[in-house]
Amino acid sequence: MSEPSKIVMLRAKNQTLLQMEDIHASVSALQYYTSVQPSIRGRNVYMQFSSHQELTTDQSSHGRNSDQESEPNRILLVTIHHMIYPITVEVLHQVFKAYGFVEKIVTFQKSAGFQALIQFHSRQEAVEAFGSLHGRNIYDGCCQLDIQYSNLSELQVHYNNDRSRDFTNPSLPTEQRPRASQQAYPDPANLYAFQQAGASYAQMGRAAMIAAAFGGTLPHGVTGTNERCTLIVSNLNNDKIDEDKLFNLFSLYGNIVRIKVLRNKPDHALVEMADGLQAELAVHYLKLEVNYSKYPNITPAPDAHDYLNSSLNRFNSNMVKNYRHCCSPTKMIHISALPQEISEEAILNHLSEHGTVVNTKLFEVNGKRQALVLFETEEAATEALVSKHASTLEGNTIRISFSQMQSI
């Protein structure tokens, strides 16, 4: 591949213009990088043809192509690359308000993808946001912010809705958007409720991810506005249950902070989850006698088991995948992290004490051994999960969750 004959750095925009020897060399380079992701110092970069026919590298312009690069401005043009999860006005506001007063936001869809114009109160605030956020991801591995300075002097906002917002004029009317155009996004009312409730940006991020995982909206009956994190579980079989088994069950719906079995009521337990949204999912899906506790959290104590830093918390990684697999208990369990040479007989020997197994299936996903096990009853499958999740099988710590499949 030919080397560039000229290079112009657009430092304020974190961009570079490259001029190749001829058109064939530039076409060849662009074609090559359509199948290979280019990266510089570990950061992915993106290439396209420039509107300039030739670069000038006159020293008087300080190495910049000045007619191409916009001057710093209080209005930013933001393009979202790799937008796997929905991005709303509220999410953008939570991200950018850390750098100053955001006056207005307007979002729109262009050929370049989902874009937004964000107007700060001052140019300095916009410059700080640009310097801190350009090239960063809103969520891990996706929704990358590509920021430029706009040449507009003032944004015109006529409606406060899911596409635009004037934070200096909350009395603007709301324009009703056609229902069909909303299908790709989660219900904006759910997300806005998080902002009104004073929730953090991290909570809003989780709400958007859960909505995306469930196909665009939160599960029916889940409001997304609950702030109570501690649950009380009653009518437990205290001969068969303990804190670790409760952890194995409730961690299907979110990260666990602490669990405490009440010694004066051994058939009752308190379960503190990482946030109110995860607690609401547990209440929604579990068929136990579970309700919100009057206590906001569980006080650390010798009889309270602490799971805050446990590596077994399922939502420390693969958060979206775990939300996608949330469901009520079923007769089918899914087992992962199995040894490569495991046999169905070994799996049966490990689980059959918990109830009758109807069928099993071993398979591989991306070279990793996994299994489905169908029990005769939901109770047997639930007992197997709470007893054997995070247990050791032939040297491997296995992970178990419920499967939504009806048959093998």
# chains A, B, ... in the order shown; residues from 1 in each chain; ligands from 1
>>> residues_around(residues="Asn73 of chain A", least_positions_apart="3", cutoff="7 Å", atoms="only C-alpha atoms", output="list in words")
Arg123, Ala126, Tyr149 and Ser150 of chain A
>>> write_last_selection(atoms="C-alpha atoms", output="short mmCIF file (atom, residue, chain, number, x, y, z; two decimals), in the first residue's frame")
data_model
loop_
_atom_site.label_atom_id
_atom_site.label_comp_id
_atom_site.auth_asym_id
_atom_site.auth_seq_id
_atom_site.Cartn_x
_atom_site.Cartn_y
_atom_site.Cartn_z
CA ARG A 123 -17.72 28.30 24.68
CA ALA A 126 -18.09 23.23 25.19
CA TYR A 149 -17.62 22.19 16.65
CA SER A 150 -20.76 23.43 14.92
#
>>> residues_around(residues="segment 90-103 of chain A", least_positions_apart="5", cutoff="6 Å", atoms="only C-alpha atoms", output="PDB file with N, CA, C and O atoms, in the first residue's frame")
ATOM      1  N   GLN A 119     -25.921  22.585  22.813  1.00  0.00           N
ATOM      2  CA  GLN A 119     -25.541  23.975  23.047  1.00  0.00           C
ATOM      3  C   GLN A 119     -25.258  24.201  24.529  1.00  0.00           C
ATOM      4  O   GLN A 119     -26.118  23.987  25.376  1.00  0.00           O
ATOM      5  N   PHE A 120     -24.025  24.626  24.829  1.00  0.00           N
ATOM      6  CA  PHE A 120     -23.638  24.992  26.190  1.00  0.00           C
ATOM      7  C   PHE A 120     -23.887  26.480  26.419  1.00  0.00           C
ATOM      8  O   PHE A 120     -24.070  27.256  25.479  1.00  0.00           O
ATOM      9  N   HIS A 121     -23.840  26.882  27.693  1.00  0.00           N
ATOM     10  CA  HIS A 121     -23.982  28.286  28.036  1.00  0.00           C
ATOM     11  C   HIS A 121     -22.775  29.095  27.567  1.00  0.00           C
ATOM     12  O   HIS A 121     -22.915  30.244  27.146  1.00  0.00           O
ATOM     13  N   GLU A 125     -17.134  25.884  28.280  1.00  0.00           N
ATOM     14  CA  GLU A 125     -17.751  24.632  28.704  1.00  0.00           C
ATOM     15  C   GLU A 125     -17.764  23.626  27.561  1.00  0.00           C
ATOM     16  O   GLU A 125     -17.494  22.431  27.757  1.00  0.00           O
ATOM     17  N   ALA A 129     -15.898  19.931  27.340  1.00  0.00           N
ATOM     18  CA  ALA A 129     -16.636  18.712  26.989  1.00  0.00           C
ATOM     19  C   ALA A 129     -16.007  18.027  25.783  1.00  0.00           C
ATOM     20  O   ALA A 129     -15.830  16.801  25.764  1.00  0.00           O
ATOM     21  N   PHE A 167     -33.546  23.411  27.845  1.00  0.00           N
ATOM     22  CA  PHE A 167     -33.494  23.363  29.302  1.00  0.00           C
ATOM     23  C   PHE A 167     -33.646  24.747  29.925  1.00  0.00           C
ATOM     24  O   PHE A 167     -33.793  24.860  31.136  1.00  0.00           O
ATOM     25  N   THR A 168     -33.641  25.794  29.101  1.00  0.00           N
ATOM     26  CA  THR A 168     -33.876  27.152  29.609  1.00  0.00           C
ATOM     27  C   THR A 168     -35.343  27.535  29.536  1.00  0.00           C
ATOM     28  O   THR A 168     -35.742  28.562  30.054  1.00  0.00           O
ATOM     29  N   TYR A 201     -26.529   8.946  36.224  1.00  0.00           N
ATOM     30  CA  TYR A 201     -26.335   8.603  34.814  1.00  0.00           C
ATOM     31  C   TYR A 201     -26.152   7.106  34.636  1.00  0.00           C
ATOM     32  O   TYR A 201     -26.637   6.501  33.691  1.00  0.00           O
TER      33      TYR A 201
END
>>> closest_residue(among="A:Ala282, A:Ile7, A:Cys142, A:Val290", to="Asp267 of chain A", atoms="only C-alpha atoms")
A:Val290
>>> closest_residue(among="A:Lys331, A:Arg74, A:Lys388, A:Arg165", to="Ile105 of chain A", atoms="only C-alpha atoms")
A:Arg165
>>> residues_around(residues="Asp140 of chain A", least_positions_apart="6", cutoff="10 Å", atoms="only C-alpha atoms", output="ChimeraX atom specification")
/A:317-319
>>> residues_around(residues="segment 222-238 of chain A", least_positions_apart="6", cutoff="9 Å", atoms="only C-alpha atoms", output="ChimeraX atom specification")
/A:190-191,193-194,197,199,207,265-284,288-298
>>> write_last_selection(atoms="N, CA, C and O atoms", output="short mmCIF file (atom, residue, chain, number, x, y, z; two decimals), in the first residue's frame")
data_model
loop_
_atom_site.label_atom_id
_atom_site.label_comp_id
_atom_site.auth_asym_id
_atom_site.auth_seq_id
_atom_site.Cartn_x
_atom_site.Cartn_y
_atom_site.Cartn_z
N ASN A 190 -40.09 6.28 30.28
CA ASN A 190 -39.38 5.50 31.30
C ASN A 190 -38.04 6.13 31.63
O ASN A 190 -37.64 6.23 32.78
N LEU A 191 -37.31 6.55 30.60
CA LEU A 191 -35.99 7.13 30.83
C LEU A 191 -36.10 8.47 31.52
O LEU A 191 -35.33 8.80 32.42
N ALA A 193 -38.36 9.40 33.54
CA ALA A 193 -38.72 9.19 34.94
C ALA A 193 -37.47 9.00 35.79
O ALA A 193 -37.44 9.40 36.95
N PHE A 194 -36.44 8.40 35.21
CA PHE A 194 -35.19 8.24 35.96
C PHE A 194 -34.59 9.61 36.28
O PHE A 194 -34.13 9.84 37.38
N ALA A 197 -36.57 11.36 38.97
CA ALA A 197 -36.40 10.75 40.28
C ALA A 197 -35.03 11.05 40.87
O ALA A 197 -34.72 10.62 41.97
N ALA A 199 -32.12 10.04 39.65
CA ALA A 199 -31.22 8.90 39.52
C ALA A 199 -29.94 9.31 38.80
O ALA A 199 -29.88 10.31 38.11
N ALA A 207 -31.01 1.49 32.53
CA ALA A 207 -32.39 1.47 32.04
C ALA A 207 -32.44 1.35 30.52
O ALA A 207 -33.23 0.59 29.97
N LYS A 265 -36.65 -14.75 62.80
CA LYS A 265 -37.64 -15.28 61.85
C LYS A 265 -36.87 -16.02 60.76
O LYS A 265 -36.66 -15.49 59.66
N PRO A 266 -36.42 -17.24 61.03
CA PRO A 266 -35.52 -17.93 60.08
C PRO A 266 -36.13 -18.25 58.73
O PRO A 266 -35.41 -18.66 57.82
N ASP A 267 -37.46 -18.08 58.60
CA ASP A 267 -38.06 -18.27 57.27
C ASP A 267 -38.17 -16.94 56.52
O ASP A 267 -38.82 -16.85 55.48
N HIS A 268 -37.52 -15.89 57.04
CA HIS A 268 -37.48 -14.58 56.39
C HIS A 268 -36.02 -14.20 56.11
O HIS A 268 -35.12 -14.56 56.87
N ALA A 269 -35.80 -13.45 55.03
CA ALA A 269 -34.45 -12.95 54.71
C ALA A 269 -34.55 -11.59 54.05
O ALA A 269 -35.54 -11.28 53.36
N LEU A 270 -33.55 -10.77 54.26
CA LEU A 270 -33.41 -9.49 53.57
C LEU A 270 -32.37 -9.64 52.47
O LEU A 270 -31.31 -10.24 52.69
N VAL A 271 -32.67 -9.11 51.30
CA VAL A 271 -31.76 -9.15 50.15
C VAL A 271 -31.58 -7.72 49.64
O VAL A 271 -32.56 -7.10 49.20
N GLU A 272 -30.37 -7.18 49.71
CA GLU A 272 -30.09 -5.84 49.19
C GLU A 272 -29.43 -5.95 47.83
O GLU A 272 -28.38 -6.56 47.68
N MET A 273 -30.07 -5.36 46.82
CA MET A 273 -29.55 -5.40 45.46
C MET A 273 -28.88 -4.08 45.12
O MET A 273 -28.99 -3.09 45.84
N ALA A 274 -28.16 -4.06 43.98
CA ALA A 274 -27.31 -2.91 43.65
C ALA A 274 -28.11 -1.65 43.35
O ALA A 274 -27.66 -0.55 43.61
N ASP A 275 -29.31 -1.80 42.77
CA ASP A 275 -30.15 -0.62 42.52
C ASP A 275 -31.61 -1.02 42.46
O ASP A 275 -31.96 -2.21 42.45
N GLY A 276 -32.47 -0.01 42.45
CA GLY A 276 -33.90 -0.26 42.51
C GLY A 276 -34.44 -0.96 41.28
O GLY A 276 -35.42 -1.72 41.37
N LEU A 277 -33.84 -0.72 40.13
CA LEU A 277 -34.30 -1.35 38.91
C LEU A 277 -34.09 -2.86 38.96
O LEU A 277 -34.97 -3.65 38.59
N GLN A 278 -32.93 -3.30 39.46
CA GLN A 278 -32.66 -4.73 39.57
C GLN A 278 -33.56 -5.36 40.63
O GLN A 278 -34.03 -6.49 40.45
N ALA A 279 -33.82 -4.65 41.72
CA ALA A 279 -34.74 -5.16 42.73
C ALA A 279 -36.14 -5.34 42.14
O ALA A 279 -36.83 -6.33 42.41
N GLU A 280 -36.56 -4.39 41.30
CA GLU A 280 -37.88 -4.49 40.68
C GLU A 280 -37.96 -5.69 39.74
O GLU A 280 -38.99 -6.37 39.67
N LEU A 281 -36.88 -5.98 39.03
CA LEU A 281 -36.86 -7.17 38.16
C LEU A 281 -37.00 -8.45 38.98
O LEU A 281 -37.70 -9.38 38.57
N ALA A 282 -36.34 -8.51 40.14
CA ALA A 282 -36.44 -9.70 41.00
C ALA A 282 -37.88 -9.89 41.49
O ALA A 282 -38.42 -11.00 41.47
N VAL A 283 -38.51 -8.81 41.94
CA VAL A 283 -39.90 -8.87 42.39
C VAL A 283 -40.81 -9.31 41.24
O VAL A 283 -41.73 -10.11 41.41
N HIS A 284 -40.52 -8.79 40.05
CA HIS A 284 -41.35 -9.07 38.87
C HIS A 284 -41.27 -10.54 38.45
O HIS A 284 -42.30 -11.14 38.12
N LEU A 288 -41.55 -16.28 44.46
CA LEU A 288 -41.48 -16.36 45.91
C LEU A 288 -42.36 -15.27 46.54
O LEU A 288 -42.86 -14.38 45.84
N GLU A 289 -42.52 -15.35 47.85
CA GLU A 289 -43.17 -14.26 48.58
C GLU A 289 -42.09 -13.20 48.84
O GLU A 289 -41.36 -13.25 49.83
N VAL A 290 -41.99 -12.26 47.92
CA VAL A 290 -40.93 -11.25 47.99
C VAL A 290 -41.55 -9.87 47.80
O VAL A 290 -42.37 -9.65 46.91
N ASN A 291 -41.18 -8.96 48.69
CA ASN A 291 -41.70 -7.59 48.64
C ASN A 291 -40.58 -6.62 49.00
O ASN A 291 -39.50 -7.02 49.45
N TYR A 292 -40.85 -5.33 48.82
CA TYR A 292 -39.86 -4.31 49.17
C TYR A 292 -39.83 -4.15 50.69
O TYR A 292 -40.87 -4.11 51.35
N SER A 293 -38.62 -4.06 51.23
CA SER A 293 -38.45 -3.89 52.67
C SER A 293 -38.58 -2.42 53.06
O SER A 293 -38.33 -1.53 52.25
N LYS A 294 -38.96 -2.18 54.31
CA LYS A 294 -39.00 -0.81 54.81
C LYS A 294 -37.60 -0.27 55.08
O LYS A 294 -37.42 0.94 55.25
N TYR A 295 -36.60 -1.18 55.11
CA TYR A 295 -35.22 -0.75 55.36
C TYR A 295 -34.55 -0.39 54.04
O TYR A 295 -34.62 -1.15 53.07
N PRO A 296 -33.89 0.76 53.96
CA PRO A 296 -33.25 1.16 52.70
C PRO A 296 -32.05 0.29 52.35
O PRO A 296 -31.72 0.13 51.17
N ASN A 297 -31.37 -0.28 53.36
CA ASN A 297 -30.23 -1.17 53.09
C ASN A 297 -30.02 -2.08 54.29
O ASN A 297 -30.70 -1.95 55.31
N ILE A 298 -29.11 -3.02 54.13
CA ILE A 298 -28.76 -3.95 55.20
C ILE A 298 -27.47 -3.46 55.85
O ILE A 298 -26.44 -3.31 55.18
#
